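**Student:** If you scroll down you'll find the structure; I have some questions about it.
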Amino acid sequence: MDVLPLLLLVAGSAAVAGLARRTPVPAPLLLVAAGLVVSYVPGVPGYELDPEIVLPLVLPPLLYTAATDSSYLDLRAHMRPIALLSVGYVLFATLAVGWAAYLIVPSLPLPAALVFGAVVAPPDAVAATAVARRVGLPSRITTILQGESLVNDATAITAYKVALAAAVGEGATWAGGIREFLLAAVGGVVVGLVLMVPIHWLRTHLNEALLQNTLSLLIPFVAYGIAEQVHASGVLAVVVVALYLGHRAWEVDFATRLQEEAVWKMVAFVLESAVFALIGLQLPVVLKGLGQYQGAQAAWYAVAVFLVVVAARFLWVYPATFLPRLLSVRIREREGAPTWKGPFVIGWAGMRGVVSLAIAFSIPLTVHGGASFPDRNLLLFLTFTTVIGTLVVQGLTLPPLIRLLKLPGRDVQAETLAEANAQAQASRVAEERLDALLTDERNALPPPLADRLRSVLERRRNAVWERLGAVNPVTGETADDTYRRLSREMIGAEREMFVKLRDHRYIDDEMLRTLLRRLDLEEAAAYREAA
């Protein structure tokens with residue numbers, strides 16, 4: 001791909017994603033719609049999704065940033081439903097959708113149909129969690145969806161490889177397929193376990209934030225590449241390393257964390273925007289090769305497959321939710337009785353995405369003996385319509401569905417109370433540490449400076465409690481909000497004066513940058529983003 005089309009893709013998708021933030025429409029849906037429209041604008045270059053780029057270069061960083069933002073403890077606490085979805089459901093969907101496609105399309109052989117089943121089996125990580133965060137789903141459902149999205153790609157890619165080996169005539173057997181699946185899964189986890197400790201040690205021993213963040217950008221590609229080199233699951237290797245690093249991120253210095261958060265937010269924003277725009281831009285590519293399947297026949301196949309994909313998820317989710325509780329007293333005592341609403345939302349949140357399209361485009365043109373892969377162009381078309389259908393139908397209806405079901409959202413009051421209690425305990429320990437340090441003559445400070453340390457600590461302790469209390473009747477702000485706003489106003493005035501002094505040559509640009517960075521750090525401390 002030339003540089004200019006790539007720049008246009010990145011710039012255009014970022015602009016549409018930015019616009020989506022000002023609308024009630026989730027960004028993935030607006031990006032796909034924009035891609036569909038732009039794909040037929042005269043003069044727009046053709047964008048054909050290349051699996052050799054998406055799988056090794058786009059998937060690892062997206063998985064890495066999603067995993068580092070996830071809670072290892074929450075994922076571990078919900079391991080059973082996550083495993084049932086990310087492994088059990090993907091394998092079930094591969095068989096169910098594959099068998100249905102075999103019955104729906106008369107010319108499609110069963111091995112090729114199972115390849116298609118594996119292609120559309122994994123729900124998309126970005127779309128589901130983006131919608132979940134926006135509508136404020138209960139934390140348990142959000143954790144399950146996030147956990148599923150971290151592992152299901154590995155299951156689907158391995159299932160695809162096994163089904164493809166059978167379809168192209170490489171003599172694959174059920175025993176061989178199971179063995180390959182287990183080797184890929186165990187191998188990916190092992191590679192992640194081997195890499196995570198030395199990578200974390202290196203991160204904590206590099207002395208410069210710039211070097212640490214450079215390493216951070218390389219980590220997902222290194223983990224993925226090493227795992228794939230030994231025929232293990234690169235997806236699982238990335239997830240294992242990222243969960244470990246995210247769990248121990250507090251051991252890295254603050255400058256690295258500040259820079260890393262900004263860097264990965266930018267990377268994720270650009271990649272997520274580009275891949276959803278790419279989905280829409282594939283329409284001319286998949287329509288061009290349909291050949292004999294035109295009009296009503298292709299539309300019937302697409303609708304039928306879409307309905308099967310949606311139904312298969314519900315056929316798995318409800319038994320996977322209720323059967324373990326019927327069979328285990330321990331589960332009933334520990335988790336209580338779920339309602340039908342939570343599984344319904346999880347079942348409806350099965351949007352497909354770019355991974356399915358990338359796998360579909362990696363289907364070879366020919367099979368063993370040089371014959372064409374059966375109905376490859378039709379499978380590309382059905383994958384595309386399934387991805388678009390789930391994103392549009394389920395993505396647009398998921399927010400109103402959640403509101404209609406009246407699922408309890410996050411308990412903001414309880415979360416704020418827990419935060420306040422945690423801050424109170426931390427402040428008490430910090431104050432005791434300060435008192436102990438000040439008794440040492442080597443740490444002697446003038447009283448005003450010692451009082452300043454205590455006042456900063458006290459403000460941090462009181463800030464959370466104030467969010468639970470009364471607000472300013474005029475502005476609606478808490479005292480902490482007003483404090484942050486006034487701090488920013490004062491810092492802004494200082495910043496403007498520094499610039500004027502530079503413009504009048506009282507200070508040079510190097511000194512200006514030093515002074516501005518100091519103000520930036522103070523502003524970051526005074527005005528932290530609300531969780």
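Chain labels follow the order of the structure tokens: the first chain is A, the next B, and so on; residue numbering restarts at 1 in every chain, and ligands are counted from 1 in their shown order.
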Just list as a ChimeraX atom specification whatever in stretch 422-500 of chain A DSSP marks as alpha helix (DSSP H).
**Tutor:** /A:422-438,447-468,479-500
**Student:** Excluding same-chain residues fewer than 6 positions from stretch 268-280 of chain A, what lies within 9 Å of it counting only C-alpha atoms, as an MDAnalysis selection string?
**Tutor:** chainID A and resid 9:17 27:39 47:49 54 58 61:62 65:66 126 353:354 357 384 387:388
**Student:** From the list A:Tyr89, A:Ala121, A:Ala20, A:Ile178, which residue is nearest A:Tyr318 when using only C-alpha atoms?
**Tutor:** A:Tyr89
**Student:** Near A:Gly192, counting only C-alpha atoms, which residues have an atom at most 6 Å away, once you skip same-chain residues fewer than 4 positions from it, shown as JSON, numbers by chain?
**Tutor:** {"A": [196, 237, 240, 241]}
**Student:** When you draw a straight line from atom CA of A:Leu145 to atom CA of A:Val355, how long is it in Å?
**Tutor:**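 Straight-line distance from atom CA of A:Leu145 to atom CA of A:Val355 works out to 16.2 Å.
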**Student:** Calculated over only C-alpha atoms, which of the candidates A:Arg140, A:His231, A:His200, A:Arg460 has the smallest distance to A:Tyr244?
**Tutor:** A:His200
**Student:** Between stretch 201-235 of chain A and stretch 263-266 of chain A, at 12 Å or less, what are the per-residue closest atom pairs and their distances in Å? Count only C-alpha atoms, order by chain and rising residue number, and return it as CSV.
**Tutor:**
```
residue,atom,partner,partner_atom,distance
A:Ala209,CA,A:Val263,CA,11.8
A:Leu210,CA,A:Val263,CA,10.9
A:Gln212,CA,A:Val263,CA,11.7
A:Asn213,CA,A:Val263,CA,8.1
A:Thr214,CA,A:Val263,CA,9.9
A:Ser216,CA,A:Trp264,CA,9.0
A:Leu217,CA,A:Trp264,CA,8.2
A:Leu218,CA,A:Trp264,CA,11.8
A:Pro220,CA,A:Trp264,CA,11.8
```
**Student:** Quick one: of A:Ser427, A:Pro56, A:Leu405, A:Gln229, who's nearest to A:Trp340, counting only C-alpha atoms?
**Tutor:**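 Counting only C-alpha atoms, the residue closest to A:Trp340 is A:Leu405.
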**Student:** Could you give me, as a VMD selection string, the residues within 9 Å of A:Ile141, counting only C-alpha atoms and dropping anything in the same chain fewer than 6 positions from it?
**Tutor:** chain A and resid 132 342 to 343 345 to 346
**Student:** Given the choices A:Leu114, A:Val119, A:Val252, A:Ile199, which gets closest to A:Arg352 if the distance is worked out from only C-alpha atoms?
**Tutor:**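 With only C-alpha atoms as the atom set, the closest residue is A:Val119.
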**Student:** Fewer than 2 positions away in the same chain doesn't count, so skip those; otherwise give me all residues within 10 Å of stretch 293-308 of chain A, counting only C-alpha atoms, as a short mmCIF file (atom, residue, chain, number, x, y, z; two decimals) with all heavy atoms, in the first residue's frame.
**Tutor:**
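That gives us selection_18.cif:
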```
data_model
loop_
_atom_site.label_atom_id
_atom_site.label_comp_id
_atom_site.auth_asym_id
_atom_site.auth_seq_id
_atom_site.Cartn_x
_atom_site.Cartn_y
_atom_site.Cartn_z
N ALA A 93 -19.54 -22.58 18.21
CA ALA A 93 -19.95 -21.76 17.06
C ALA A 93 -19.30 -22.25 15.77
O ALA A 93 -19.92 -22.21 14.70
CB ALA A 93 -19.60 -20.30 17.31
N ALA A 96 -21.44 -25.34 14.91
CA ALA A 96 -22.84 -25.04 14.64
C ALA A 96 -23.00 -24.20 13.38
O ALA A 96 -23.82 -24.51 12.50
CB ALA A 96 -23.46 -24.32 15.84
N VAL A 97 -22.22 -23.12 13.28
CA VAL A 97 -22.33 -22.26 12.11
C VAL A 97 -21.81 -22.98 10.86
O VAL A 97 -22.36 -22.84 9.77
CB VAL A 97 -21.56 -20.93 12.34
CG1 VAL A 97 -21.57 -20.06 11.10
CG2 VAL A 97 -22.17 -20.18 13.52
N GLY A 98 -20.73 -23.75 11.04
CA GLY A 98 -20.20 -24.50 9.91
C GLY A 98 -21.21 -25.50 9.37
O GLY A 98 -21.42 -25.61 8.16
N ALA A 100 -24.47 -25.40 9.75
CA ALA A 100 -25.59 -24.66 9.16
C ALA A 100 -25.23 -24.14 7.77
O ALA A 100 -26.04 -24.20 6.84
CB ALA A 100 -25.99 -23.50 10.08
N ALA A 101 -24.01 -23.60 7.62
CA ALA A 101 -23.58 -23.12 6.30
C ALA A 101 -23.54 -24.26 5.29
O ALA A 101 -23.88 -24.08 4.11
CB ALA A 101 -22.21 -22.45 6.41
N ILE A 104 -27.09 -24.72 4.27
CA ILE A 104 -27.68 -23.57 3.58
C ILE A 104 -27.16 -23.43 2.16
O ILE A 104 -27.92 -23.16 1.22
CB ILE A 104 -27.41 -22.28 4.39
CG1 ILE A 104 -28.19 -22.31 5.72
CG2 ILE A 104 -27.79 -21.03 3.58
CD1 ILE A 104 -27.78 -21.21 6.69
N VAL A 105 -25.85 -23.61 1.98
CA VAL A 105 -25.23 -23.44 0.66
C VAL A 105 -25.01 -24.83 0.06
O VAL A 105 -24.12 -25.57 0.51
CB VAL A 105 -23.89 -22.68 0.76
CG1 VAL A 105 -23.29 -22.46 -0.63
CG2 VAL A 105 -24.10 -21.35 1.48
N GLY A 117 -17.06 -21.53 9.65
CA GLY A 117 -17.53 -21.46 11.04
C GLY A 117 -16.47 -20.92 11.98
O GLY A 117 -16.77 -20.11 12.87
N VAL A 120 -16.02 -16.93 11.55
CA VAL A 120 -16.99 -16.02 12.16
C VAL A 120 -17.27 -16.35 13.63
O VAL A 120 -18.16 -15.75 14.24
CB VAL A 120 -18.32 -16.02 11.37
CG1 VAL A 120 -18.10 -15.52 9.95
CG2 VAL A 120 -18.95 -17.40 11.36
N LEU A 287 -17.64 -7.87 -3.06
CA LEU A 287 -18.67 -7.96 -4.09
C LEU A 287 -18.09 -8.32 -5.45
O LEU A 287 -18.73 -8.98 -6.27
CB LEU A 287 -19.44 -6.64 -4.20
CG LEU A 287 -20.37 -6.29 -3.04
CD1 LEU A 287 -21.06 -4.96 -3.30
CD2 LEU A 287 -21.41 -7.39 -2.82
N GLY A 289 -15.84 -10.40 -6.34
CA GLY A 289 -15.57 -11.80 -6.64
C GLY A 289 -16.74 -12.74 -6.44
O GLY A 289 -16.55 -13.95 -6.42
N LEU A 290 -17.97 -12.22 -6.26
CA LEU A 290 -19.09 -13.10 -5.97
C LEU A 290 -19.42 -14.05 -7.13
O LEU A 290 -19.84 -15.18 -6.91
CB LEU A 290 -20.33 -12.27 -5.61
CG LEU A 290 -20.60 -12.09 -4.12
CD1 LEU A 290 -21.87 -11.32 -3.91
CD2 LEU A 290 -20.67 -13.42 -3.41
N GLY A 291 -19.24 -13.60 -8.34
CA GLY A 291 -19.42 -14.47 -9.49
C GLY A 291 -20.85 -14.93 -9.64
O GLY A 291 -21.77 -14.13 -9.82
N VAL A 310 -26.28 -15.42 15.30
CA VAL A 310 -26.92 -14.82 16.48
C VAL A 310 -27.55 -15.88 17.36
O VAL A 310 -27.38 -15.88 18.59
CB VAL A 310 -27.97 -13.77 16.04
CG1 VAL A 310 -28.74 -13.26 17.25
CG2 VAL A 310 -27.30 -12.61 15.32
N ALA A 311 -28.28 -16.82 16.74
CA ALA A 311 -28.97 -17.85 17.53
C ALA A 311 -27.98 -18.77 18.23
O ALA A 311 -28.21 -19.20 19.38
CB ALA A 311 -29.89 -18.66 16.62
N ALA A 312 -26.86 -19.09 17.56
CA ALA A 312 -25.90 -20.02 18.16
C ALA A 312 -25.33 -19.47 19.46
O ALA A 312 -25.06 -20.24 20.39
CB ALA A 312 -24.77 -20.30 17.17
N ARG A 313 -25.14 -18.17 19.52
CA ARG A 313 -24.59 -17.59 20.76
C ARG A 313 -25.58 -17.76 21.91
O ARG A 313 -25.18 -18.10 23.03
CB ARG A 313 -24.24 -16.13 20.56
CG ARG A 313 -23.53 -15.51 21.77
CD ARG A 313 -22.83 -14.23 21.39
NE ARG A 313 -22.27 -13.54 22.54
CZ ARG A 313 -21.05 -13.75 23.03
NH1 ARG A 313 -20.26 -14.64 22.46
NH2 ARG A 313 -20.61 -13.07 24.07
N ASP A 375 -15.92 -22.14 -3.11
CA ASP A 375 -16.75 -20.97 -2.79
C ASP A 375 -16.02 -19.95 -1.91
O ASP A 375 -16.63 -19.33 -1.03
CB ASP A 375 -18.05 -21.40 -2.11
CG ASP A 375 -18.96 -22.17 -3.04
OD1 ASP A 375 -19.03 -21.81 -4.23
OD2 ASP A 375 -19.60 -23.14 -2.59
N ASN A 377 -14.93 -16.91 -2.56
CA ASN A 377 -15.48 -15.56 -2.67
C ASN A 377 -16.81 -15.44 -1.95
O ASN A 377 -17.11 -14.39 -1.35
CB ASN A 377 -15.64 -15.18 -4.14
CG ASN A 377 -14.30 -15.01 -4.83
OD1 ASN A 377 -13.33 -14.58 -4.22
ND2 ASN A 377 -14.24 -15.36 -6.11
N LEU A 378 -17.60 -16.49 -1.98
CA LEU A 378 -18.87 -16.47 -1.24
C LEU A 378 -18.61 -16.42 0.26
O LEU A 378 -19.30 -15.70 1.00
CB LEU A 378 -19.71 -17.69 -1.59
CG LEU A 378 -21.03 -17.83 -0.82
CD1 LEU A 378 -21.96 -16.66 -1.13
CD2 LEU A 378 -21.71 -19.16 -1.13
N LEU A 379 -17.61 -17.16 0.72
CA LEU A 379 -17.28 -17.15 2.15
C LEU A 379 -16.80 -15.77 2.58
O LEU A 379 -17.13 -15.31 3.69
CB LEU A 379 -16.22 -18.21 2.46
CG LEU A 379 -16.63 -19.66 2.21
CD1 LEU A 379 -15.53 -20.61 2.65
CD2 LEU A 379 -17.94 -20.00 2.92
N PHE A 381 -17.79 -12.97 1.22
CA PHE A 381 -19.00 -12.16 1.26
C PHE A 381 -19.82 -12.44 2.51
O PHE A 381 -20.30 -11.50 3.17
CB PHE A 381 -19.83 -12.44 0.00
CG PHE A 381 -21.19 -11.80 0.01
CD1 PHE A 381 -21.33 -10.43 -0.22
CD2 PHE A 381 -22.33 -12.55 0.27
CE1 PHE A 381 -22.58 -9.83 -0.20
CE2 PHE A 381 -23.58 -11.96 0.28
CZ PHE A 381 -23.71 -10.60 0.05
N LEU A 382 -19.99 -13.70 2.87
CA LEU A 382 -20.78 -14.05 4.05
C LEU A 382 -20.10 -13.59 5.33
O LEU A 382 -20.78 -13.18 6.29
CB LEU A 382 -21.02 -15.57 4.10
CG LEU A 382 -21.89 -16.15 2.99
CD1 LEU A 382 -22.01 -17.65 3.12
CD2 LEU A 382 -23.27 -15.50 3.00
N THR A 383 -18.77 -13.64 5.36
CA THR A 383 -18.06 -13.10 6.53
C THR A 383 -18.29 -11.61 6.64
O THR A 383 -18.58 -11.09 7.74
CB THR A 383 -16.55 -13.38 6.41
OG1 THR A 383 -16.33 -14.78 6.28
CG2 THR A 383 -15.81 -12.86 7.64
N PHE A 384 -18.20 -10.91 5.52
CA PHE A 384 -18.40 -9.46 5.52
C PHE A 384 -19.80 -9.10 5.97
O PHE A 384 -19.99 -8.22 6.83
CB PHE A 384 -18.14 -8.92 4.11
CG PHE A 384 -18.35 -7.44 3.98
CD1 PHE A 384 -17.35 -6.54 4.36
CD2 PHE A 384 -19.54 -6.93 3.49
CE1 PHE A 384 -17.55 -5.18 4.26
CE2 PHE A 384 -19.74 -5.57 3.38
CZ PHE A 384 -18.74 -4.69 3.76
N THR A 385 -20.82 -9.77 5.42
CA THR A 385 -22.20 -9.43 5.80
C THR A 385 -22.48 -9.79 7.25
O THR A 385 -23.25 -9.10 7.93
CB THR A 385 -23.19 -10.16 4.88
OG1 THR A 385 -22.92 -11.58 4.90
CG2 THR A 385 -23.10 -9.64 3.46
N THR A 386 -21.85 -10.86 7.75
CA THR A 386 -22.03 -11.22 9.16
C THR A 386 -21.41 -10.16 10.07
O THR A 386 -22.03 -9.75 11.07
CB THR A 386 -21.40 -12.59 9.45
OG1 THR A 386 -22.01 -13.58 8.63
CG2 THR A 386 -21.58 -12.97 10.91
N VAL A 387 -20.21 -9.71 9.72
CA VAL A 387 -19.56 -8.67 10.52
C VAL A 387 -20.39 -7.39 10.50
O VAL A 387 -20.67 -6.79 11.55
CB VAL A 387 -18.14 -8.40 9.98
CG1 VAL A 387 -17.54 -7.15 10.64
CG2 VAL A 387 -17.23 -9.60 10.24
N ILE A 388 -20.79 -6.95 9.30
CA ILE A 388 -21.58 -5.72 9.19
C ILE A 388 -22.92 -5.89 9.90
O ILE A 388 -23.38 -4.99 10.63
CB ILE A 388 -21.81 -5.37 7.71
CG1 ILE A 388 -20.48 -5.05 7.03
CG2 ILE A 388 -22.77 -4.18 7.59
CD1 ILE A 388 -19.79 -3.83 7.55
N GLY A 389 -23.57 -7.04 9.70
CA GLY A 389 -24.87 -7.26 10.32
C GLY A 389 -24.83 -7.22 11.83
O GLY A 389 -25.67 -6.58 12.48
N THR A 390 -23.84 -7.90 12.42
CA THR A 390 -23.76 -7.89 13.88
C THR A 390 -23.38 -6.51 14.42
O THR A 390 -23.92 -6.08 15.45
CB THR A 390 -22.75 -8.94 14.36
OG1 THR A 390 -21.48 -8.69 13.72
CG2 THR A 390 -23.21 -10.34 14.05
#
```
**Student:** Identify which of the residues A:Val190, A:Val267, A:Ala337, A:Ala525 lies closest to A:Ala232, counting only C-alpha atoms when measuring atom-to-atom distances.
**Tutor:**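 Once distances to A:Ala232 are computed over only C-alpha atoms, the minimum belongs to A:Val190.
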**Student:** Just checking: using only C-alpha atoms, which residue out of A:Gln423, A:Lys341, A:Ala227, A:Ala163 ends up closest to A:Lys406?
**Tutor:**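 Among the listed residues, the smallest separation from A:Lys406 belongs to A:Lys341.
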